[in-house]
>>> print(open('model15.cif').read())   # mmCIF, C-alpha atoms
data_coords
#
loop_
_atom_site.label_atom_id
_atom_site.label_comp_id
_atom_site.auth_asym_id
_atom_site.auth_seq_id
_atom_site.Cartn_x
_atom_site.Cartn_y
_atom_site.Cartn_z
CA ASP F 1 114.80 98.53 116.20
CA ALA F 2 112.59 95.47 116.08
CA ASN F 3 110.46 95.16 113.03
CA PRO F 4 106.89 96.15 114.07
CA CYS F 5 105.41 94.35 111.07
CA ARG F 6 106.80 90.93 111.93
CA PRO F 7 104.25 88.11 112.41
CA THR F 8 102.66 88.21 115.86
CA ARG F 9 102.05 84.95 117.68
CA PHE F 10 99.51 84.86 120.47
CA ARG F 11 100.66 83.09 123.59
CA GLY F 12 97.56 82.01 125.42
CA PRO F 13 94.22 83.66 126.22
CA ALA F 14 95.74 86.81 127.74
CA SER F 15 97.31 87.89 124.44
CA PHE F 16 94.15 87.12 122.50
CA ASP F 17 92.00 89.13 124.92
CA ARG F 18 94.35 92.11 124.65
CA ALA F 19 94.14 92.05 120.86
CA ALA F 20 90.35 91.74 120.94
CA MET F 21 90.07 94.66 123.34
CA THR F 22 92.37 96.75 121.19
CA LEU F 23 90.49 96.16 117.96
CA GLY F 24 86.91 96.40 119.23
CA GLY F 25 84.77 93.62 117.73
CA THR F 26 81.37 94.61 119.17
CA VAL F 27 79.69 94.26 115.76
CA PRO F 28 79.99 90.87 114.02
CA GLU F 29 82.75 90.97 111.42
CA ALA F 30 80.51 89.42 108.74
CA LEU F 31 77.92 92.19 109.17
CA MET F 32 80.55 94.94 108.99
CA THR F 33 82.05 93.39 105.85
CA VAL F 34 78.71 93.12 104.04
CA VAL F 35 77.56 96.63 104.98
CA ALA F 36 80.95 98.15 104.09
CA ALA F 37 81.09 96.41 100.71
CA ALA F 38 77.50 97.36 99.85
CA THR F 39 78.09 100.96 100.94
CA VAL F 40 81.26 101.46 98.92
CA PHE F 41 79.81 99.83 95.80
CA SER F 42 76.52 101.78 95.95
CA VAL F 43 78.20 105.12 96.70
CA MET F 44 80.64 104.79 93.80
CA PHE F 45 77.91 103.50 91.46
CA VAL F 46 75.60 106.43 92.25
CA ILE F 47 78.44 108.91 91.75
CA GLY F 48 79.20 107.30 88.38
CA LEU F 49 75.56 107.67 87.35
CA GLY F 50 75.82 111.42 87.93
CA ILE F 51 79.00 111.95 85.89
CA VAL F 52 78.64 113.28 82.36
CA PRO F 53 81.53 111.74 80.37
CA ARG F 54 82.04 114.83 78.18
CA GLU F 55 82.97 116.79 81.34
CA PHE F 56 86.28 114.91 81.44
CA ARG F 57 87.45 117.09 78.56
CA TRP F 58 87.82 119.86 81.14
CA VAL F 59 90.33 117.72 83.01
CA TRP F 60 92.56 117.16 79.97
CA GLN F 61 92.69 120.92 79.48
CA HIS F 62 93.98 121.42 83.05
CA SER F 63 96.71 118.79 83.30
CA GLY F 64 98.89 121.02 85.49
CA LEU F 65 96.15 121.22 88.09
CA VAL F 66 95.74 117.44 87.97
CA ALA F 67 99.49 117.03 88.58
CA LYS F 68 99.31 119.31 91.63
CA GLY F 69 96.36 117.35 92.98
CA LEU F 70 98.19 114.05 92.56
CA PHE F 71 101.28 115.51 94.25
CA SER F 72 99.20 116.58 97.24
CA VAL F 73 97.42 113.25 97.64
CA LEU F 74 100.27 110.85 96.86
CA ILE F 75 103.42 112.66 98.04
CA ALA F 76 102.73 115.67 100.26
CA VAL F 77 100.40 113.92 102.72
CA PRO F 78 102.69 110.94 103.49
CA ALA F 79 105.65 113.32 103.91
CA LEU F 80 103.67 115.54 106.29
CA ALA F 81 102.49 112.49 108.24
CA LEU F 82 106.07 111.30 108.71
CA VAL F 83 107.10 114.71 110.08
CA VAL F 84 104.10 114.89 112.44
CA ALA F 85 104.51 111.32 113.71
CA ARG F 86 108.16 112.00 114.54
CA ALA F 87 107.37 115.40 116.11
CA PHE F 88 104.79 113.87 118.48
CA ASP F 89 107.32 111.19 119.53
CA LEU F 90 104.72 108.42 119.27
CA ALA F 91 105.27 104.74 119.93
CA ARG F 92 106.64 102.92 116.90
CA PRO F 93 103.46 100.87 116.13
CA VAL F 94 101.36 104.05 116.36
CA GLU F 95 103.73 105.87 114.00
CA ILE F 96 103.46 103.06 111.50
CA GLY F 97 99.66 102.93 111.76
CA ILE F 98 99.44 106.64 110.99
CA LEU F 99 101.86 106.31 108.10
CA LEU F 100 99.98 103.32 106.68
CA MET F 101 96.89 105.50 106.42
CA ALA F 102 98.89 108.41 105.01
CA ILE F 103 100.24 106.30 102.14
CA SER F 104 96.79 104.77 101.43
CA PRO F 105 94.95 107.21 99.13
CA GLY F 106 91.65 107.12 97.30
CA ALA F 107 88.98 106.45 99.93
CA PRO F 108 85.69 105.92 98.03
CA VAL F 109 83.78 108.07 100.52
CA ALA F 110 86.15 110.97 99.81
CA LEU F 111 84.63 111.47 96.36
CA ARG F 112 81.12 111.66 97.76
CA ARG F 113 82.14 114.14 100.45
CA SER F 114 84.08 116.17 97.91
CA ILE F 115 81.16 116.54 95.53
CA GLY F 116 78.77 117.13 98.41
CA ALA F 117 80.96 119.98 99.65
CA GLY F 118 81.04 121.65 96.23
CA GLY F 119 83.93 119.82 94.61
CA HIS F 120 84.27 120.15 90.83
CA HIS F 121 82.00 117.56 89.15
CA ALA F 122 84.50 116.78 86.41
CA PHE F 123 87.78 117.21 88.28
CA ALA F 124 86.89 115.34 91.50
CA PRO F 125 85.98 112.00 89.82
CA ALA F 126 88.96 112.19 87.46
CA LEU F 127 91.28 112.83 90.40
CA GLN F 128 89.74 109.90 92.27
CA ILE F 129 90.26 107.55 89.31
CA LEU F 130 93.88 108.62 88.78
CA VAL F 131 94.68 108.36 92.49
CA ALA F 132 93.16 104.87 92.68
CA VAL F 133 95.16 103.69 89.67
CA LEU F 134 98.43 105.28 90.79
CA ALA F 135 98.04 103.86 94.32
CA VAL F 136 99.08 100.52 92.85
CA VAL F 137 102.49 102.10 92.20
CA SER F 138 102.76 104.70 94.95
CA MET F 139 102.01 102.39 97.88
CA PRO F 140 104.75 99.81 97.17
CA VAL F 141 107.22 102.69 96.64
CA TRP F 142 106.29 104.33 99.94
CA ILE F 143 106.47 100.99 101.78
CA ALA F 144 109.97 100.47 100.39
CA LEU F 145 111.00 103.95 101.57
CA LEU F 146 109.49 103.43 105.01
CA ASN F 147 111.26 100.11 105.31
CA GLU F 148 114.52 102.04 104.96
CA VAL F 149 113.43 104.40 107.74
CA TYR F 150 112.22 101.68 110.11
CA ALA F 151 114.56 98.84 109.10
CA GLY F 152 111.53 96.65 108.48
CA HIS F 153 110.48 94.02 105.99
CA ALA F 154 106.90 94.97 105.09
CA THR F 155 105.69 94.23 101.56
CA ILE F 156 102.58 94.59 99.43
CA ASP F 157 101.66 92.64 96.31
CA PRO F 158 100.63 95.16 93.61
CA THR F 159 98.29 92.52 92.14
CA GLN F 160 96.26 92.24 95.34
CA LEU F 161 96.29 96.01 95.68
CA ALA F 162 95.04 96.47 92.11
CA ARG F 163 92.32 93.87 92.63
CA GLN F 164 90.93 95.68 95.66
CA VAL F 165 91.10 99.10 93.98
CA PHE F 166 89.35 97.77 90.88
CA THR F 167 86.59 95.88 92.71
CA ALA F 168 85.80 98.48 95.34
CA GLN F 169 86.19 101.69 93.34
CA LEU F 170 86.82 101.54 89.61
CA LEU F 171 84.24 98.85 88.73
CA PRO F 172 81.14 100.48 90.27
CA LEU F 173 82.24 103.97 89.20
CA GLY F 174 82.87 102.76 85.64
CA LEU F 175 79.52 100.95 85.47
CA GLY F 176 77.74 104.11 86.55
CA ILE F 177 79.55 106.24 83.98
CA LEU F 178 78.84 103.68 81.24
CA ILE F 179 75.10 103.63 82.02
CA ARG F 180 75.04 107.43 82.08
CA TYR F 181 76.75 107.51 78.68
CA ARG F 182 74.57 104.84 77.04
CA ARG F 183 71.23 105.45 78.82
CA PRO F 184 71.16 108.95 80.29
CA THR F 185 67.43 108.88 81.05
CA ALA F 186 67.66 105.56 82.84
CA ALA F 187 70.76 106.77 84.68
CA ALA F 188 68.92 109.85 85.97
CA TRP F 189 66.06 107.67 87.21
CA LEU F 190 68.42 105.18 88.85
CA GLU F 191 70.48 107.91 90.47
CA SER F 192 67.46 109.43 92.20
CA LYS F 193 66.34 106.03 93.52
CA LEU F 194 69.72 104.64 94.55
CA ALA F 195 71.04 107.85 96.11
CA ARG F 196 68.75 107.39 99.12
CA ILE F 197 69.80 103.78 99.51
CA ALA F 198 73.47 104.73 99.32
CA THR F 199 72.97 107.48 101.91
CA GLY F 200 71.15 105.08 104.22
CA LEU F 201 73.91 102.49 103.92
CA LEU F 202 76.52 105.15 104.58
CA LEU F 203 74.76 106.24 107.76
CA LEU F 204 74.37 102.63 108.86
CA LEU F 205 78.06 101.97 108.26
CA ALA F 206 78.98 105.09 110.26
CA VAL F 207 76.84 103.97 113.21
CA LEU F 208 78.26 100.43 113.12
CA ALA F 209 81.82 101.78 112.90
CA ILE F 210 81.31 104.04 115.92
CA ILE F 211 79.80 101.18 117.90
CA ASP F 212 82.50 98.75 116.84
CA ILE F 213 85.65 100.85 117.10
CA GLY F 214 84.60 103.87 119.15
CA GLN F 215 86.44 102.40 122.13
CA VAL F 216 89.59 102.20 120.00
CA VAL F 217 89.60 105.99 119.70
CA VAL F 218 89.04 106.38 123.44
CA ASN F 219 91.91 103.99 124.17
CA ALA F 220 94.19 105.81 121.75
CA GLY F 221 94.69 108.71 124.12
CA PRO F 222 94.70 112.48 123.48
CA ARG F 223 98.24 112.65 122.05
CA ILE F 224 97.51 110.10 119.32
CA VAL F 225 94.16 111.72 118.52
CA LEU F 226 95.85 115.13 118.32
CA ALA F 227 98.56 113.75 116.02
CA ILE F 228 95.96 112.27 113.64
CA ALA F 229 93.94 115.50 113.69
CA THR F 230 97.11 117.46 112.92
CA VAL F 231 97.95 115.28 109.93
CA THR F 232 94.38 115.67 108.65
CA ALA F 233 94.46 119.46 109.08
CA LEU F 234 97.80 119.72 107.27
CA ALA F 235 96.48 117.49 104.48
CA LEU F 236 93.46 119.77 104.07
CA ALA F 237 95.71 122.83 103.99
CA ALA F 238 98.09 121.29 101.44
CA GLY F 239 95.24 120.21 99.18
CA HIS F 240 93.53 123.58 99.49
CA LEU F 241 96.71 125.45 98.56
CA LEU F 242 97.53 123.15 95.63
CA GLY F 243 93.97 122.97 94.32
CA GLY F 244 94.17 126.05 92.11
CA PRO F 245 92.15 129.29 92.18
CA ASP F 246 88.75 127.66 91.65
CA PRO F 247 87.10 126.89 95.02
CA ALA F 248 85.56 123.77 93.48
CA THR F 249 88.93 122.25 92.58
CA ARG F 250 90.46 123.39 95.85
CA THR F 251 87.74 121.54 97.73
CA ALA F 252 88.24 118.40 95.65
CA VAL F 253 92.00 118.25 96.23
CA ALA F 254 91.74 119.12 99.93
CA ILE F 255 89.22 116.41 100.76
CA SER F 256 90.94 113.81 98.59
CA SER F 257 94.17 114.59 100.43
CA ALA F 258 92.67 114.43 103.92
CA ILE F 259 90.46 111.33 103.72
CA ARG F 260 92.58 108.21 103.42
CA ASN F 261 91.66 104.64 102.49
CA PRO F 262 91.47 102.30 105.51
CA GLY F 263 90.81 99.32 103.24
CA LEU F 264 94.24 99.62 101.61
CA ALA F 265 95.96 100.32 104.94
CA LEU F 266 94.37 97.26 106.55
CA LEU F 267 95.31 95.18 103.51
CA VAL F 268 98.99 96.02 104.06
CA ALA F 269 98.68 95.39 107.81
CA THR F 270 96.97 92.03 107.29
CA LEU F 271 99.41 90.78 104.65
CA ASN F 272 102.32 91.62 106.95
CA ALA F 273 100.76 90.15 110.13
CA ALA F 274 101.03 93.54 111.83
CA PRO F 275 100.56 93.67 115.61
CA PRO F 276 97.12 94.79 116.87
CA GLU F 277 98.43 98.23 117.91
CA ILE F 278 99.04 99.12 114.26
CA THR F 279 95.58 98.01 113.17
CA ALA F 280 94.00 99.85 116.11
CA THR F 281 95.79 103.05 115.05
CA VAL F 282 94.45 102.65 111.49
CA LEU F 283 90.90 102.35 112.86
CA ALA F 284 91.41 105.33 115.17
CA TYR F 285 92.69 107.35 112.20
CA LEU F 286 89.52 106.46 110.27
CA ILE F 287 87.23 107.94 112.93
CA VAL F 288 89.35 110.93 113.99
CA SER F 289 90.05 112.10 110.43
CA ALA F 290 86.37 111.77 109.47
CA VAL F 291 85.46 114.07 112.37
CA ALA F 292 88.35 116.46 111.70
CA VAL F 293 87.20 117.02 108.11
CA ILE F 294 83.67 118.07 109.12
CA PRO F 295 84.46 121.78 109.80
CA TYR F 296 86.18 122.13 106.41
CA VAL F 297 83.27 120.47 104.59
CA ALA F 298 80.78 122.75 106.39
CA TRP F 299 82.86 125.82 105.48
CA ARG F 300 83.08 124.88 101.80
CA ARG F 301 79.35 124.25 101.61
CA ARG F 302 78.57 127.72 102.97
CA ARG F 303 81.17 129.51 100.85
CA PRO F 304 79.81 131.01 97.62
CA ASP F 305 81.60 129.89 94.48
CA PRO F 306 82.75 133.02 92.59
CA VAL F 307 84.37 131.04 89.78
CA GLU F 308 82.04 129.76 87.11
CA ARG F 309 82.60 126.09 86.42
CA GLU F 310 82.96 125.09 82.85
#
>>> encode(input="model15.cif", output="structure tokens")
Amino acid sequence: DANPCRPTRFRGPASFDRAAMTLGGTVPEALMTVVAAATVFSVMFVIGLGIVPREFRWVWQHSGLVAKGLFSVLIAVPALALVVARAFDLARPVEIGILLMAISPGAPVALRRSIGAGGHHAFAPALQILVAVLAVVSMPVWIALLNEVYAGHATIDPTQLARQVFTAQLLPLGLGILIRYRRPTAAAWLESKLARIATGLLLLLAVLAIIDIGQVVVNAGPRIVLAIATVTALALAAGHLLGGPDPATRTAVAISSAIRNPGLALLVATLNAAPPEITATVLAYLIVSAVAVIPYVAWRRRRPDPVERE
């Protein structure tokens, strides 16, 4: 098979127009970049402000649960995605786009949705931090394995990967936790003020994303949308089953497993000059999975929590 991640050269206006139509582009790229960066930074910073550092002691006492959560997010979901992509007999670029998202864990928004749905306030952030750090190792390993499957030559520089993970996730989260630890009163005041701003930016980003890449989802077709929804549903089920008896930890693992990181997936696609069909599939996955998670989040919010959190 031809390598779908080989550099793509446009041959004239027709090829360029096809790529532009595939990837959307209604909203200026500079605006999307600024709003996305501000949203991710503010969301992670606000979450950090709400984390009490001493709660992390709970996590160290439940290392087995942490291991199960990491297995679900880093290993089970990519394996399930590979099975689903093959079962749906999708075009090769679409398969690879789905798998790129499946091997890209640690979406910053996942932590917010997890906590908002009743995820454990100590376990969910710790899982997010560990997933983000381990992604620097897990993604190159998965890419190497997928290269064996697809006879490709895709690569990812762990240094670039680590830089994005640190800047977008660990830095704002760590700053928030540090302020909460050193100045708890100031942190409480900041959290109440910045939470509204973060929510507003998140809504703005969602609207811009729908405007910009909504047509990508429409163009994807029902079979691709169904395949992405199936992967998301299986990821939720795997995380729920591996999340332990506490509904709060189950929720945290399920949502962390289901919501993948488009920033990391697009980083791999960009560095390997992937064809536009792969990038379009990544963007379609972003929207479809976000919608597919909504029923689970609504269910977990309504469900009473019979297990007292420590």
>>> residues_around(input="model15.cif", residues="F:Val77", least_positions_apart="4", cutoff="9 Å", atoms="only C-alpha atoms", output="list in words")
Phe71, Ser72, Val73, Ala81, Leu82, Ala102, Ile103, Val231, Thr232, Leu234, Ala235, Ala238, Gly239, Ser257 and Ala258 of chain F
>>> closest_residue(input="model15.cif", among="F:Ala280, F:Ile51, F:Val66, F:Thr251", to="F:Gly214", atoms="only C-alpha atoms")
F:Ala280
>>> closest_residue(input="model15.cif", among="F:Ile47, F:Ile75, F:Val141, F:Val84", to="F:Arg223", atoms="all atoms listed in the file")
F:Val84
>>> residues_around(input="model15.cif", residues="F:Thr26", least_positions_apart="5", cutoff="8 Å", atoms="all atoms listed in the file", output="list in words")
Ile211, Asp212 and Ile213 of chain F
>>> write_last_selection(input="model15.cif", atoms="C-alpha atoms", output="PDB file, in the coordinates of the input")
ATOM      1  CA  ILE F 211      79.800 101.180 117.900  1.00  0.00           C
ATOM      2  CA  ASP F 212      82.500  98.750 116.840  1.00  0.00           C
ATOM      3  CA  ILE F 213      85.650 100.850 117.100  1.00  0.00           C
TER       4      ILE F 213
END
>>> atom_distance(input="model15.cif", atom1="atom CA of F:Glu191", atom2="atom CA of F:Gln169")
17.1 Å
>>> closest_residue(input="model15.cif", among="F:Ile179, F:His62, F:Leu99, F:Ala188", to="F:Asn147", atoms="all atoms listed in the file")
F:Leu99
>>> residues_around(input="model15.cif", residues="F:Gln164", least_positions_apart="2", cutoff="10 Å", atoms="only C-alpha atoms", output="tab-separated table (two decimals) with C-alpha atoms, in the frame of the given file")
chain	number	residue	atom	x	y	z
F	132	ALA	CA	93.16	104.87	92.68
F	136	VAL	CA	99.08	100.52	92.85
F	158	PRO	CA	100.63	95.16	93.61
F	159	THR	CA	98.29	92.52	92.14
F	160	GLN	CA	96.26	92.24	95.34
F	161	LEU	CA	96.29	96.01	95.68
F	162	ALA	CA	95.04	96.47	92.11
F	166	PHE	CA	89.35	97.77	90.88
F	167	THR	CA	86.59	95.88	92.71
F	168	ALA	CA	85.80	98.48	95.34
F	169	GLN	CA	86.19	101.69	93.34
F	170	LEU	CA	86.82	101.54	89.61
F	263	GLY	CA	90.81	99.32	103.24
F	264	LEU	CA	94.24	99.62	101.61
F	267	LEU	CA	95.31	95.18	103.51
>>> residues_around(input="model15.cif", residues="stretch 41-46 of chain F", least_positions_apart="4", cutoff="8 Å", atoms="all atoms listed in the file", output="PyMOL selection string")
chain F and resi 37+50+108-109+112+168-169+172-176+191+194-195+197-199
>>> write_last_selection(input="model15.cif", atoms="C-alpha atoms", output="mmCIF file, in the coordinates of the input")
data_model
loop_
_atom_site.group_PDB
_atom_site.id
_atom_site.type_symbol
_atom_site.label_atom_id
_atom_site.label_comp_id
_atom_site.auth_asym_id
_atom_site.auth_seq_id
_atom_site.Cartn_x
_atom_site.Cartn_y
_atom_site.Cartn_z
ATOM 1 C CA ALA F 37 81.090 96.410 100.710
ATOM 2 C CA GLY F 50 75.820 111.420 87.930
ATOM 3 C CA PRO F 108 85.690 105.920 98.030
ATOM 4 C CA VAL F 109 83.780 108.070 100.520
ATOM 5 C CA ARG F 112 81.120 111.660 97.760
ATOM 6 C CA ALA F 168 85.800 98.480 95.340
ATOM 7 C CA GLN F 169 86.190 101.690 93.340
ATOM 8 C CA PRO F 172 81.140 100.480 90.270
ATOM 9 C CA LEU F 173 82.240 103.970 89.200
ATOM 10 C CA GLY F 174 82.870 102.760 85.640
ATOM 11 C CA LEU F 175 79.520 100.950 85.470
ATOM 12 C CA GLY F 176 77.740 104.110 86.550
ATOM 13 C CA GLU F 191 70.480 107.910 90.470
ATOM 14 C CA LEU F 194 69.720 104.640 94.550
ATOM 15 C CA ALA F 195 71.040 107.850 96.110
ATOM 16 C CA ILE F 197 69.800 103.780 99.510
ATOM 17 C CA ALA F 198 73.470 104.730 99.320
ATOM 18 C CA THR F 199 72.970 107.480 101.910
#
>>> build_atoms(input="model15.cif", residues="stretch 268-290 of chain F", atoms="N, CA and C atoms", output="short mmCIF file (atom, residue, chain, number, x, y, z; two decimals), keeping the file's coordinate frame")
data_model
loop_
_atom_site.label_atom_id
_atom_site.label_comp_id
_atom_site.auth_asym_id
_atom_site.auth_seq_id
_atom_site.Cartn_x
_atom_site.Cartn_y
_atom_site.Cartn_z
N VAL F 268 97.55 96.10 103.80
CA VAL F 268 98.99 96.02 104.06
C VAL F 268 99.25 95.42 105.44
N ALA F 269 98.49 95.89 106.45
CA ALA F 269 98.68 95.39 107.81
C ALA F 269 98.41 93.89 107.89
N THR F 270 97.34 93.44 107.24
CA THR F 270 96.97 92.03 107.29
C THR F 270 98.00 91.16 106.59
N LEU F 271 98.44 91.58 105.41
CA LEU F 271 99.41 90.78 104.65
C LEU F 271 100.75 90.67 105.36
N ASN F 272 101.05 91.64 106.24
CA ASN F 272 102.32 91.62 106.95
C ASN F 272 102.18 91.20 108.41
N ALA F 273 101.00 90.64 108.76
CA ALA F 273 100.76 90.15 110.13
C ALA F 273 101.14 91.21 111.16
N ALA F 274 100.68 92.43 110.94
CA ALA F 274 101.03 93.54 111.83
C ALA F 274 100.43 93.32 113.21
N PRO F 275 101.10 93.79 114.26
CA PRO F 275 100.56 93.67 115.61
C PRO F 275 99.28 94.48 115.76
N PRO F 276 98.44 94.14 116.73
CA PRO F 276 97.12 94.79 116.87
C PRO F 276 97.20 96.29 117.09
N GLU F 277 98.32 96.78 117.68
CA GLU F 277 98.43 98.23 117.91
C GLU F 277 98.42 99.01 116.60
N ILE F 278 99.02 98.45 115.56
CA ILE F 278 99.04 99.12 114.26
C ILE F 278 97.63 99.18 113.67
N THR F 279 96.94 98.05 113.70
CA THR F 279 95.58 98.01 113.17
C THR F 279 94.66 98.93 113.96
N ALA F 280 94.82 98.97 115.28
CA ALA F 280 94.00 99.85 116.11
C ALA F 280 94.24 101.31 115.74
N THR F 281 95.49 101.68 115.44
CA THR F 281 95.79 103.05 115.05
C THR F 281 95.13 103.39 113.72
N VAL F 282 95.13 102.44 112.77
CA VAL F 282 94.45 102.65 111.49
C VAL F 282 92.96 102.93 111.72
N LEU F 283 92.33 102.17 112.59
CA LEU F 283 90.90 102.35 112.86
C LEU F 283 90.65 103.68 113.57
N ALA F 284 91.54 104.03 114.51
CA ALA F 284 91.41 105.33 115.17
C ALA F 284 91.55 106.47 114.18
N TYR F 285 92.49 106.33 113.24
CA TYR F 285 92.69 107.35 112.20
C TYR F 285 91.41 107.52 111.38
N LEU F 286 90.75 106.41 111.06
CA LEU F 286 89.52 106.46 110.27
C LEU F 286 88.48 107.36 110.93
N ILE F 287 88.25 107.18 112.22
CA ILE F 287 87.23 107.94 112.93
C ILE F 287 87.66 109.38 113.16
N VAL F 288 88.89 109.58 113.66
CA VAL F 288 89.35 110.93 113.99
C VAL F 288 89.42 111.81 112.75
N SER F 289 89.94 111.28 111.65
CA SER F 289 90.05 112.10 110.43
C SER F 289 88.68 112.43 109.87
N ALA F 290 87.74 111.49 109.96
CA ALA F 290 86.37 111.77 109.47
C ALA F 290 85.74 112.92 110.25
#
